[in-house]
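Raw contents of final.csv, CSV, C-alpha atoms:
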chain,number,residue,atom,x,y,z
A,182,MET,CA,244.5,110.2,36.6
A,183,GLU,CA,241.2,111.8,35.6
A,184,ARG,CA,240.7,112.8,32.0
A,185,GLN,CA,240.8,116.5,32.6
A,186,GLY,CA,243.7,116.2,35.0
A,187,LEU,CA,245.6,114.3,32.4
A,188,LEU,CA,245.0,117.0,29.8
A,189,ASP,CA,245.9,119.7,32.3
A,190,ALA,CA,249.2,118.0,33.0
A,191,VAL,CA,250.0,118.0,29.3
A,192,VAL,CA,249.1,121.7,28.8
A,193,ALA,CA,251.2,122.6,31.9
A,194,ALA,CA,254.3,121.0,30.4
A,195,PHE,CA,253.5,121.9,26.8
A,196,PRO,CA,251.5,125.1,26.5
A,197,GLU,CA,251.5,124.8,22.7
A,198,ALA,CA,249.4,121.6,22.8
A,199,ALA,CA,245.8,121.9,21.9
A,200,VAL,CA,243.8,119.6,24.2
A,201,ASP,CA,240.2,118.3,23.8
A,202,ASN,CA,238.3,116.3,26.3
A,203,ALA,CA,236.5,114.5,23.5
A,204,PRO,CA,233.5,112.2,24.0
A,205,GLN,CA,235.5,109.0,23.5
A,206,LEU,CA,239.0,109.6,24.6
A,207,PRO,CA,240.9,112.7,25.8
A,208,GLU,CA,243.2,114.0,23.0
A,209,ALA,CA,246.1,116.3,22.6
A,210,LYS,CA,247.2,117.9,19.3
A,211,ILE,CA,250.9,118.8,19.4
A,212,PRO,CA,253.1,120.6,16.8
A,213,LEU,CA,255.7,118.5,15.2
A,214,GLY,CA,258.5,120.5,16.9
A,215,SER,CA,257.4,119.5,20.4
A,216,PHE,CA,256.1,116.0,19.5
A,217,ARG,CA,259.2,114.0,20.5
A,218,ALA,CA,259.6,115.8,23.9
A,219,LEU,CA,256.0,115.3,24.7
A,220,MET,CA,256.2,111.5,24.0
A,221,VAL,CA,259.3,111.2,26.1
A,222,ARG,CA,257.5,113.0,29.0
A,223,LEU,CA,254.3,110.9,28.6
A,224,HIS,CA,256.4,107.7,28.7
A,225,SER,CA,258.8,108.5,31.6
A,226,ASP,CA,256.8,110.8,33.9
A,227,PRO,CA,255.7,108.5,36.8
A,228,ALA,CA,252.4,110.5,37.3
A,229,LEU,CA,251.5,109.8,33.6
A,230,ALA,CA,253.3,106.5,32.9
A,231,LEU,CA,251.7,105.9,29.5
A,232,ASP,CA,253.6,102.7,29.0
A,233,TYR,CA,251.5,100.9,26.4
A,234,PRO,CA,250.8,101.9,22.8
A,235,MET,CA,247.4,100.5,22.1
A,236,CYS,CA,247.1,101.6,18.6
A,237,MET,CA,248.8,103.9,16.1
A,238,THR,CA,247.4,105.0,12.8
A,239,ALA,CA,247.4,108.0,10.4
A,240,VAL,CA,244.9,110.2,8.6
A,241,ASP,CA,245.5,111.7,5.1
A,242,TRP,CA,244.3,115.2,4.6
A,243,PRO,CA,245.1,116.1,0.9
A,244,GLU,CA,243.3,119.5,1.0
A,245,ARG,CA,245.3,120.5,4.1
A,246,GLY,CA,248.5,119.0,2.8
A,247,ALA,CA,249.0,117.1,6.1
A,248,ILE,CA,249.1,113.6,7.3
A,249,THR,CA,248.0,113.3,11.0
A,250,CYS,CA,249.7,110.5,12.9
A,251,VAL,CA,247.5,109.3,15.8
A,252,TYR,CA,248.8,107.5,18.8
A,253,HIS,CA,246.5,105.8,21.4
A,254,LEU,CA,248.4,105.4,24.6
A,255,TYR,CA,247.4,103.5,27.7
A,256,SER,CA,248.8,103.3,31.3
A,257,PHE,CA,248.8,99.9,33.0
A,258,ALA,CA,249.8,101.6,36.2
A,259,HIS,CA,247.0,104.2,36.3
A,260,GLY,CA,244.4,102.8,33.8
A,261,HIS,CA,244.1,106.0,31.9
A,262,LYS,CA,244.2,106.6,28.2
A,263,LEU,CA,245.4,109.5,26.0
A,264,VAL,CA,245.3,110.1,22.3
A,265,VAL,CA,248.2,112.1,20.8
A,266,LYS,CA,247.9,113.7,17.3
A,267,CYS,CA,250.6,115.2,15.3
A,268,ASP,CA,250.6,116.6,11.8
A,269,ALA,CA,253.4,115.8,9.3
A,270,ASP,CA,253.9,117.6,6.0
A,271,ARG,CA,252.2,115.6,3.3
A,272,ALA,CA,254.7,116.5,0.6
A,273,ASP,CA,257.7,115.4,2.7
A,274,ALA,CA,256.2,113.3,5.4
A,275,ARG,CA,258.8,112.9,8.2
A,276,MET,CA,258.2,112.1,11.9
A,277,PRO,CA,260.6,111.4,14.7
A,278,THR,CA,260.4,107.8,15.8
A,279,VAL,CA,259.0,106.7,19.2
A,280,SER,CA,260.0,103.1,18.7
A,281,ASP,CA,262.8,103.5,21.2
A,282,LEU,CA,260.2,104.4,23.9
A,283,TRP,CA,257.7,101.7,23.0
A,284,ARG,CA,259.0,98.7,21.2
A,285,GLY,CA,255.4,98.0,19.9
A,286,CYS,CA,255.6,101.2,17.9
A,287,GLU,CA,258.3,99.6,15.8
A,288,TRP,CA,255.8,97.6,13.8
A,289,PHE,CA,253.1,100.3,14.0
A,290,GLU,CA,255.5,102.8,12.4
A,291,ARG,CA,256.4,100.3,9.7
A,292,GLU,CA,252.7,99.9,9.0
A,293,VAL,CA,252.1,103.7,8.7
A,294,PHE,CA,255.1,103.9,6.5
A,295,ASP,CA,253.8,101.1,4.4
A,296,LEU,CA,250.3,102.5,3.8
A,297,PHE,CA,250.8,106.3,4.2
A,298,GLY,CA,254.5,106.8,3.3
A,299,VAL,CA,255.4,108.6,6.5
A,300,VAL,CA,259.2,108.3,7.1
A,301,PHE,CA,260.1,107.8,10.8
A,302,ASP,CA,263.5,109.3,11.5
A,303,GLY,CA,265.6,107.0,13.8
A,304,HIS,CA,263.5,103.9,13.2
A,305,PRO,CA,265.8,100.9,13.3
A,306,ASP,CA,264.3,98.9,10.4
A,307,LEU,CA,261.9,101.0,8.3
A,308,ARG,CA,260.6,98.8,5.5
A,309,ARG,CA,257.3,97.6,4.2
A,310,ILE,CA,255.5,95.2,6.6
A,311,MET,CA,252.3,94.1,5.0
A,312,LEU,CA,252.4,94.9,1.3
A,313,THR,CA,254.9,93.2,-1.0
A,314,ASP,CA,258.4,94.6,-0.9
A,315,ASP,CA,258.2,95.8,-4.5
A,316,TRP,CA,255.0,97.7,-4.1
A,317,VAL,CA,254.9,101.2,-5.6
A,318,GLY,CA,253.0,103.9,-3.8
A,319,PHE,CA,251.1,104.2,-0.5
A,320,PRO,CA,247.6,102.8,-0.9
A,321,LEU,CA,245.9,104.6,2.0
A,322,ARG,CA,246.7,108.0,0.6
A,323,LYS,CA,243.6,109.4,-0.8
A,324,ASP,CA,245.1,110.1,-4.2
A,325,TYR,CA,246.5,106.6,-4.6
A,326,ARG,CA,245.4,104.8,-7.9
A,327,ASP,CA,246.6,101.6,-9.5
A,328,SER,CA,245.4,99.0,-12.0
A,329,ARG,CA,244.1,96.7,-9.2
A,330,ILE,CA,241.4,99.2,-8.3
A,331,ALA,CA,238.3,98.5,-10.3
A,332,GLY,CA,235.3,100.6,-11.2
A,333,LYS,CA,234.2,103.6,-9.3
A,334,THR,CA,236.0,105.1,-6.3
A,335,TYR,CA,234.2,106.8,-3.5
B,203,MET,CA,251.7,61.5,-28.3
B,204,ALA,CA,252.9,59.1,-25.6
B,205,LEU,CA,250.0,57.1,-24.0
B,206,SER,CA,249.9,56.5,-20.3
B,207,PRO,CA,249.8,52.8,-19.3
B,208,ILE,CA,246.1,53.1,-18.5
B,209,GLN,CA,245.4,54.7,-21.9
B,210,HIS,CA,247.4,51.9,-23.5
B,211,ALA,CA,245.4,49.3,-21.7
B,212,ALA,CA,242.2,51.1,-22.6
B,213,GLY,CA,243.2,50.9,-26.2
B,214,VAL,CA,243.7,47.1,-26.0
B,215,VAL,CA,240.4,46.6,-24.3
B,216,ALA,CA,238.5,48.9,-26.6
B,217,ALA,CA,239.8,46.9,-29.6
B,218,ALA,CA,238.3,43.7,-28.2
B,219,PRO,CA,234.6,42.9,-29.1
B,220,GLY,CA,232.4,44.7,-26.6
B,221,GLY,CA,235.4,46.6,-25.2
B,222,GLN,CA,233.9,50.1,-25.4
B,223,PHE,CA,230.9,48.8,-23.4
B,224,VAL,CA,233.2,47.4,-20.7
B,225,LEU,CA,235.2,50.6,-20.5
B,226,LEU,CA,232.1,52.8,-20.2
B,227,ASN,CA,231.1,50.7,-17.2
B,228,VAL,CA,234.6,50.9,-15.7
B,229,GLU,CA,234.4,54.7,-16.2
B,230,ALA,CA,231.1,54.8,-14.4
B,231,LEU,CA,232.7,53.0,-11.5
B,232,PHE,CA,235.6,55.4,-11.4
B,233,ASN,CA,233.3,58.4,-11.5
B,234,TRP,CA,231.0,57.0,-8.8
B,235,SER,CA,233.9,56.4,-6.4
B,236,ARG,CA,235.5,59.7,-7.1
B,237,ALA,CA,232.3,61.7,-6.8
B,238,ASN,CA,231.4,60.1,-3.5
B,239,SER,CA,234.7,60.4,-1.7
B,240,LEU,CA,235.9,63.9,-2.2
B,241,PHE,CA,238.7,64.9,0.2
B,242,PRO,CA,238.5,68.7,0.7
B,243,LEU,CA,241.6,70.6,1.6
B,244,THR,CA,241.3,72.4,4.9
B,245,PHE,CA,241.1,75.9,3.5
B,246,GLY,CA,239.7,78.9,5.3
B,247,LEU,CA,240.7,82.4,4.2
B,248,SER,CA,237.9,84.3,6.2
B,249,CYS,CA,234.4,84.0,7.4
B,250,CYS,CA,233.3,81.5,4.8
B,251,ALA,CA,235.5,79.0,6.6
B,252,ILE,CA,233.1,79.1,9.5
B,253,GLU,CA,230.2,78.0,7.3
B,254,PHE,CA,232.5,75.4,5.8
B,255,MET,CA,233.2,74.1,9.3
B,256,ALA,CA,229.5,74.2,10.1
B,257,ALA,CA,228.8,72.2,6.9
B,258,GLY,CA,231.1,69.5,8.3
B,259,MET,CA,229.4,69.4,11.7
B,260,SER,CA,226.6,67.1,12.8
B,261,ARG,CA,223.7,69.4,11.9
B,262,HIS,CA,224.5,69.6,8.2
B,263,ASP,CA,226.8,66.7,8.1
B,264,MET,CA,228.8,66.9,4.9
B,265,ALA,CA,229.7,63.2,5.6
B,266,ARG,CA,226.4,62.2,4.0
B,267,PHE,CA,228.0,63.1,0.7
B,268,GLY,CA,231.4,61.6,1.4
B,269,ALA,CA,233.2,65.0,1.5
B,270,GLU,CA,233.8,65.3,5.3
B,271,VAL,CA,237.5,64.3,5.6
B,272,ALA,CA,239.2,67.7,5.3
B,273,ARG,CA,242.9,67.1,4.8
B,274,ALA,CA,245.6,69.4,6.2
B,275,THR,CA,247.9,68.8,3.2
B,276,PRO,CA,247.1,69.4,-0.5
B,277,ARG,CA,248.9,66.1,-1.3
B,278,GLN,CA,246.0,64.1,0.2
B,279,ALA,CA,243.2,66.3,-1.1
B,280,ASP,CA,241.3,66.4,-4.4
B,281,LEU,CA,238.9,69.2,-3.7
B,282,MET,CA,239.9,72.7,-2.9
B,283,ILE,CA,237.0,74.7,-1.4
B,284,VAL,CA,238.3,78.3,-1.6
B,285,ALA,CA,236.4,79.6,1.4
B,286,GLY,CA,237.0,83.3,1.7
B,287,THR,CA,238.8,86.4,0.5
B,288,VAL,CA,241.8,85.8,-1.7
B,289,THR,CA,244.2,88.7,-1.3
B,290,GLU,CA,247.0,89.6,-3.8
B,291,LYS,CA,249.5,88.3,-1.4
B,292,MET,CA,247.6,85.0,-0.8
B,293,ALA,CA,247.2,84.3,-4.6
B,294,PRO,CA,250.6,82.7,-5.2
B,295,VAL,CA,250.1,80.5,-2.2
B,296,VAL,CA,246.7,79.4,-3.4
B,297,ARG,CA,248.3,78.6,-6.8
B,298,THR,CA,251.1,76.6,-5.1
B,299,LEU,CA,248.6,74.6,-3.1
B,300,TYR,CA,246.5,73.9,-6.2
B,301,ASP,CA,249.6,72.7,-8.1
B,302,GLN,CA,250.5,70.4,-5.2
B,303,MET,CA,247.2,68.6,-5.3
B,304,PRO,CA,247.2,65.3,-7.2
B,305,ASP,CA,245.0,64.8,-10.3
B,306,PRO,CA,242.1,64.6,-10.6
B,307,LYS,CA,241.4,67.8,-8.7
B,308,TYR,CA,238.5,70.1,-8.4
B,309,VAL,CA,237.9,73.6,-7.1
B,310,ILE,CA,234.8,75.1,-5.5
B,311,SER,CA,234.8,78.9,-5.2
B,312,MET,CA,232.8,79.5,-2.1
B,313,GLY,CA,231.2,82.9,-1.5
B,314,ALA,CA,231.3,86.3,-3.2
B,315,CYS,CA,234.9,87.1,-2.3
B,316,ALA,CA,236.4,84.0,-3.9
B,317,THR,CA,234.1,84.3,-6.9
B,318,ALA,CA,234.5,88.0,-7.8
B,319,GLY,CA,236.1,89.9,-5.0
B,320,GLY,CA,232.8,90.4,-3.2
B,321,PRO,CA,232.4,93.6,-1.1
B,322,PHE,CA,236.1,94.3,-1.8
B,323,TYR,CA,235.6,94.7,-5.5
B,324,PHE,CA,235.4,98.5,-5.7
B,325,ASP,CA,238.1,100.9,-4.5
B,326,ASN,CA,240.5,98.2,-3.2
B,327,TYR,CA,244.1,97.6,-3.8
B,328,SER,CA,244.8,94.3,-2.1
B,329,VAL,CA,242.0,91.8,-2.9
B,330,LEU,CA,242.1,89.5,-6.0
B,331,LYS,CA,238.9,90.0,-8.1
B,332,GLY,CA,238.0,86.3,-8.1
B,333,VAL,CA,240.1,83.2,-7.4
B,334,ASP,CA,239.5,82.1,-11.1
B,335,GLN,CA,242.3,84.6,-12.0
B,336,VAL,CA,244.8,82.1,-10.6
B,337,ILE,CA,243.2,78.6,-10.6
B,338,PRO,CA,240.5,77.0,-12.7
B,339,VAL,CA,237.1,76.8,-10.9
B,340,ASP,CA,234.5,74.0,-11.3
B,341,VAL,CA,231.7,75.3,-9.2
B,342,TYR,CA,230.8,78.8,-7.9
B,343,VAL,CA,228.8,79.0,-4.7
B,344,PRO,CA,227.2,82.5,-4.3
B,345,GLY,CA,226.5,84.0,-0.9
B,346,CYS,CA,228.2,86.1,1.7
B,347,PRO,CA,228.8,83.8,3.3
B,348,PRO,CA,226.9,80.9,1.8
B,349,ARG,CA,224.8,78.8,4.1
B,350,PRO,CA,226.1,75.2,4.6
B,351,GLU,CA,223.1,74.1,2.5
B,352,ALA,CA,224.4,76.2,-0.4
B,353,LEU,CA,227.9,74.7,0.0
B,354,ILE,CA,226.4,71.2,0.0
B,355,TYR,CA,224.4,72.0,-3.1
B,356,GLY,CA,227.7,73.1,-4.7
B,357,ILE,CA,229.2,69.8,-3.8
B,358,LEU,CA,226.2,67.9,-5.2
B,359,LYS,CA,226.7,69.9,-8.5
B,360,LEU,CA,230.3,69.0,-8.5
B,361,GLN,CA,229.4,65.3,-8.1
B,362,GLN,CA,227.1,65.6,-11.1
B,363,LYS,CA,229.9,67.1,-13.0
B,364,ILE,CA,232.3,64.4,-12.1
B,365,MET,CA,229.7,61.7,-13.0
B,366,ARG,CA,229.8,63.1,-16.6
B,367,GLU,CA,233.6,62.8,-17.0
B,368,HIS,CA,235.4,60.2,-19.2
B,369,PRO,CA,238.6,59.5,-17.2
B,370,ILE,CA,239.6,56.6,-19.5
B,371,LEU,CA,237.9,57.2,-22.9
B,372,GLY,CA,238.3,61.0,-22.8
B,373,ALA,CA,241.4,61.1,-24.9
B,374,ARG,CA,239.9,58.6,-27.5
B,375,ILE,CA,236.6,60.6,-27.6
B,376,ALA,CA,238.6,63.9,-28.1
B,377,ALA,CA,240.7,62.2,-30.8
B,378,GLN,CA,237.7,60.9,-32.6
B,379,ALA,CA,236.0,64.4,-32.4
B,380,ALA,CA,239.1,65.9,-33.9
B,381,ARG,CA,239.2,63.3,-36.7
B,382,GLU,CA,235.6,64.0,-37.5
B,383,ALA,CA,236.2,67.8,-37.5
B,384,ALA,CA,239.2,67.4,-39.8
B,385,GLN,CA,237.1,65.2,-42.2
B,386,ALA,CA,234.3,67.7,-42.2
B,387,SER,CA,236.6,70.6,-43.0
B,388,MET,CA,238.2,68.5,-45.8
B,389,GLU,CA,234.7,67.8,-47.2
B,390,ALA,CA,233.8,71.5,-47.0
B,391,GLY,CA,237.0,72.5,-48.7
B,392,ARG,CA,236.4,70.0,-51.5
B,393,THR,CA,232.9,71.3,-52.1
B,394,ALA,CA,234.1,74.9,-52.2
B,395,LYS,CA,236.8,74.1,-54.8
B,396,GLU,CA,234.5,72.2,-57.1
B,397,GLY,CA,235.4,73.0,-60.7
B,398,GLY,CA,238.7,74.6,-59.7
B,399,GLN,CA,242.1,73.1,-59.8
B,400,ALA,CA,242.7,70.1,-57.6
B,401,GLU,CA,244.4,71.0,-54.4
B,402,ALA,CA,247.0,68.4,-53.5
B,403,ALA,CA,247.5,69.3,-49.9
B,404,GLY,CA,244.6,68.7,-47.6
B,405,PRO,CA,243.9,70.8,-44.6
B,406,ALA,CA,246.6,70.9,-41.9
B,407,PRO,CA,246.4,67.8,-39.7
B,408,ILE,CA,244.6,68.5,-36.5
B,409,HIS,CA,246.3,66.9,-33.5
B,410,ALA,CA,243.9,65.8,-30.7
B,411,ALA,CA,244.4,67.8,-27.6
B,412,PRO,CA,245.7,65.8,-24.7
B,413,GLU,CA,243.0,65.1,-22.2
B,414,GLY,CA,243.0,67.6,-19.4
B,415,HIS,CA,240.4,67.1,-16.6
B,416,ALA,CA,237.1,68.6,-17.5
As structure tokens, the full file:
Amino acid sequence: MERQGLLDAVVAAFPEAAVDNAPQLPEAKIPLGSFRALMVRLHSDPALALDYPMCMTAVDWPERGAITCVYHLYSFAHGHKLVVKCDADRADARMPTVSDLWRGCEWFEREVFDLFGVVFDGHPDLRRIMLTDDWVGFPLRKDYRDSRIAGKTY
Amino acid sequence: MALSPIQHAAGVVAAAPGGQFVLLNVEALFNWSRANSLFPLTFGLSCCAIEFMAAGMSRHDMARFGAEVARATPRQADLMIVAGTVTEKMAPVVRTLYDQMPDPKYVISMGACATAGGPFYFDNYSVLKGVDQVIPVDVYVPGCPPRPEALIYGILKLQQKIMREHPILGARIAAQAAREAAQASMEAGRTAKEGGQAEAAGPAPIHAAPEGHA
């Protein structure tokens, strides 16, 4: 599907989504309430068939009080790509899991939990994946400080 | 202090006429053979490992200096070239590998990361600020990554360091230095107390430190 057609299909099903045909990849921002329904649709609709999670990450926005989870999805059947963004509340960061749709997201979500402290409801095995098990805090949050960090911070 | 068999034998030889001279020559032979057949541990933690590999290849040919046989197990290696970034999670592994190497063993810290954390020094939660926080380092090779020439220069420096070691007479030399220091401090104490009451007890006996590798 063409980039604009992909975004139009998203808006047709979810009018609350804010879409942007951005220079690199087309992206759709979706409120937390519709997030899970959108992801189910993207995964199961044969016309979209976004069956492969290329990448998942998050962005910390302390001044907005939000953590944006970013999903890069790819369709092997159609060869198109779509970025889905969804804001979680920074103070109580909770997201519905999509690891039942894409098994690959199981480890991605553990990584985001490990570094940003986002809790994915329904995840089968949510524990730290890269840091040590006894680690305190979430290092990629912008207000993270510990004794290992030397000198100036940027 | 219990002496090792080789230390005991060294004591017997040293007591014989000309024994010290013989031992010094035996030491030189030890050092020469150790310095010129270093067995590095295959040890790449990041991009420095590529330069380490390049140093072993035909163009730079680390074999010219007898250090080309990289072993895959610490039990057969006597040189650890820490080539790359040591993370907090890797640090205990590095320490374990170092402990598994047989004595005498040496460490070259290759590159900025292994030496001081390198570009990961500031604002970083996961990288150790220098491998010398977990193991003793003999030679630091600066660079990011160092060229093979720099690594080979570091190996030559390590060879010079090994040539100055006293693997047999080291404990005797240390003991003698300690005896002389004790004597000197006793003399100094006697001079200071001149005219005062005689002190029966001398200074506390100084025990020679057991020889570690230099």
So the first atom is CA of Arg277 (chain B) and the second is CA of Met303 (chain B); what is the distance between them in Å, to one decimal place?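 Straight-line distance from CA of Arg277 (chain B) to CA of Met303 (chain B) works out to 5.0 Å.
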Atom-to-atom span, CA of Pro321 (chain B) and CA of Arg291 (chain A), Å: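 Separating CA of Pro321 (chain B) from CA of Arg291 (chain A) is a distance of 27.2 Å.
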Counting only C-alpha atoms, find residues at most 12 Å from (261.2, 101.7, 20.3) (file frame) and give them as a ChimeraX atom specification. /A:220-221,224,232-234,277-291,301-306
Would you pick out the contacts of Trp234 (chain B) at 8 Å or less, using only C-alpha atoms, so that residues sharing its chain but fewer than 4 positions from it are not included, and give the list as a compact mmCIF listing (two decimals) with C-alpha atoms, keeping the file's coordinate frame?
# COMPACT_ATOMS: atom_id res chain seq x y z
CA ALA B 230 231.10 54.80 -14.40
CA ASN B 238 231.40 60.10 -3.50
CA MET B 365 229.70 61.70 -13.00
Env of region 311-318 of chain A: 9 Å cut, atoms = only C-alpha atoms, seq-sep filter 5 positions within chain, self excluded. Answer as a list in words.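 In the requested form, the answer reads Arg291, Glu292, Asp295, Leu296, Phe297, Gly298, Tyr325, Arg326 and Asp327 of chain A; Lys291 and Ser328 of chain B.
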Identify all chain B residues at most 10 Å from chain A by counting all atoms listed in the file; ligands do not count. Present them as a PyMOL selection string. chain B and resi 290-291+322-331
Within 10 Å of Pro243 (chain A), counting only C-alpha atoms, which residues show up once you throw out same-chain ones fewer than 4 positions away? Write them as a VMD selection string, please. chain A and resid 247 to 248 271 to 272 322 to 324
Quick one: residues within 12 Å of Arg222 (chain A), only C-alpha atoms, excluding same-chain residues fewer than 6 positions away - as a VMD selection string? chain A and resid 190 to 191 193 to 195 215 to 216 228 to 232 279 282
I want to know what sits within 10 Å of Leu188 (chain A), based on all atoms listed in the file, with residues of the same chain fewer than 4 positions away left out; could you give that as a PyMOL selection string? chain A and resi 182-184+192-193+198-202+207-209+263
Measuring between all atoms listed in the file, which one of A:Met276, A:Val265, A:Gly246, A:Leu254 shows the shortest distance to Leu219 (chain A)? A:Val265
Filled-in N, CA and C atoms of region 223-236 of chain B, supplied as a PDB file, in the coordinates of the input:
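Output below, filename part_23.pdb:
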ATOM      1  N   PHE B 223     231.983  48.977 -24.375  1.00  0.00           N
ATOM      2  CA  PHE B 223     230.900  48.800 -23.400  1.00  0.00           C
ATOM      3  C   PHE B 223     231.536  48.575 -21.988  1.00  0.00           C
ATOM      4  N   VAL B 224     232.563  47.703 -21.970  1.00  0.00           N
ATOM      5  CA  VAL B 224     233.200  47.400 -20.700  1.00  0.00           C
ATOM      6  C   VAL B 224     233.861  48.681 -20.135  1.00  0.00           C
ATOM      7  N   LEU B 225     234.529  49.443 -21.020  1.00  0.00           N
ATOM      8  CA  LEU B 225     235.200  50.600 -20.500  1.00  0.00           C
ATOM      9  C   LEU B 225     234.254  51.668 -19.995  1.00  0.00           C
ATOM     10  N   LEU B 226     233.121  51.818 -20.653  1.00  0.00           N
ATOM     11  CA  LEU B 226     232.100  52.800 -20.200  1.00  0.00           C
ATOM     12  C   LEU B 226     231.688  52.401 -18.746  1.00  0.00           C
ATOM     13  N   ASN B 227     231.535  51.101 -18.493  1.00  0.00           N
ATOM     14  CA  ASN B 227     231.100  50.700 -17.200  1.00  0.00           C
ATOM     15  C   ASN B 227     232.251  50.890 -16.150  1.00  0.00           C
ATOM     16  N   VAL B 228     233.493  50.658 -16.589  1.00  0.00           N
ATOM     17  CA  VAL B 228     234.600  50.900 -15.700  1.00  0.00           C
ATOM     18  C   VAL B 228     234.686  52.403 -15.358  1.00  0.00           C
ATOM     19  N   GLU B 229     234.455  53.245 -16.378  1.00  0.00           N
ATOM     20  CA  GLU B 229     234.400  54.700 -16.200  1.00  0.00           C
ATOM     21  C   GLU B 229     233.375  55.083 -15.142  1.00  0.00           C
ATOM     22  N   ALA B 230     232.187  54.488 -15.290  1.00  0.00           N
ATOM     23  CA  ALA B 230     231.100  54.800 -14.400  1.00  0.00           C
ATOM     24  C   ALA B 230     231.516  54.470 -12.933  1.00  0.00           C
ATOM     25  N   LEU B 231     232.239  53.357 -12.793  1.00  0.00           N
ATOM     26  CA  LEU B 231     232.700  53.000 -11.500  1.00  0.00           C
ATOM     27  C   LEU B 231     233.731  53.970 -10.928  1.00  0.00           C
ATOM     28  N   PHE B 232     234.666  54.373 -11.796  1.00  0.00           N
ATOM     29  CA  PHE B 232     235.600  55.400 -11.400  1.00  0.00           C
ATOM     30  C   PHE B 232     234.921  56.656 -10.934  1.00  0.00           C
ATOM     31  N   ASN B 233     233.998  57.133 -11.774  1.00  0.00           N
ATOM     32  CA  ASN B 233     233.300  58.400 -11.500  1.00  0.00           C
ATOM     33  C   ASN B 233     232.525  58.291 -10.183  1.00  0.00           C
ATOM     34  N   TRP B 234     231.856  57.171 -10.003  1.00  0.00           N
ATOM     35  CA  TRP B 234     231.000  57.000  -8.800  1.00  0.00           C
ATOM     36  C   TRP B 234     231.905  57.057  -7.567  1.00  0.00           C
ATOM     37  N   SER B 235     233.047  56.378  -7.615  1.00  0.00           N
ATOM     38  CA  SER B 235     233.900  56.400  -6.400  1.00  0.00           C
ATOM     39  C   SER B 235     234.565  57.721  -6.208  1.00  0.00           C
ATOM     40  N   ARG B 236     234.935  58.419  -7.292  1.00  0.00           N
ATOM     41  CA  ARG B 236     235.500  59.700  -7.100  1.00  0.00           C
ATOM     42  C   ARG B 236     234.531  60.748  -6.592  1.00  0.00           C
TER      43      ARG B 236
END
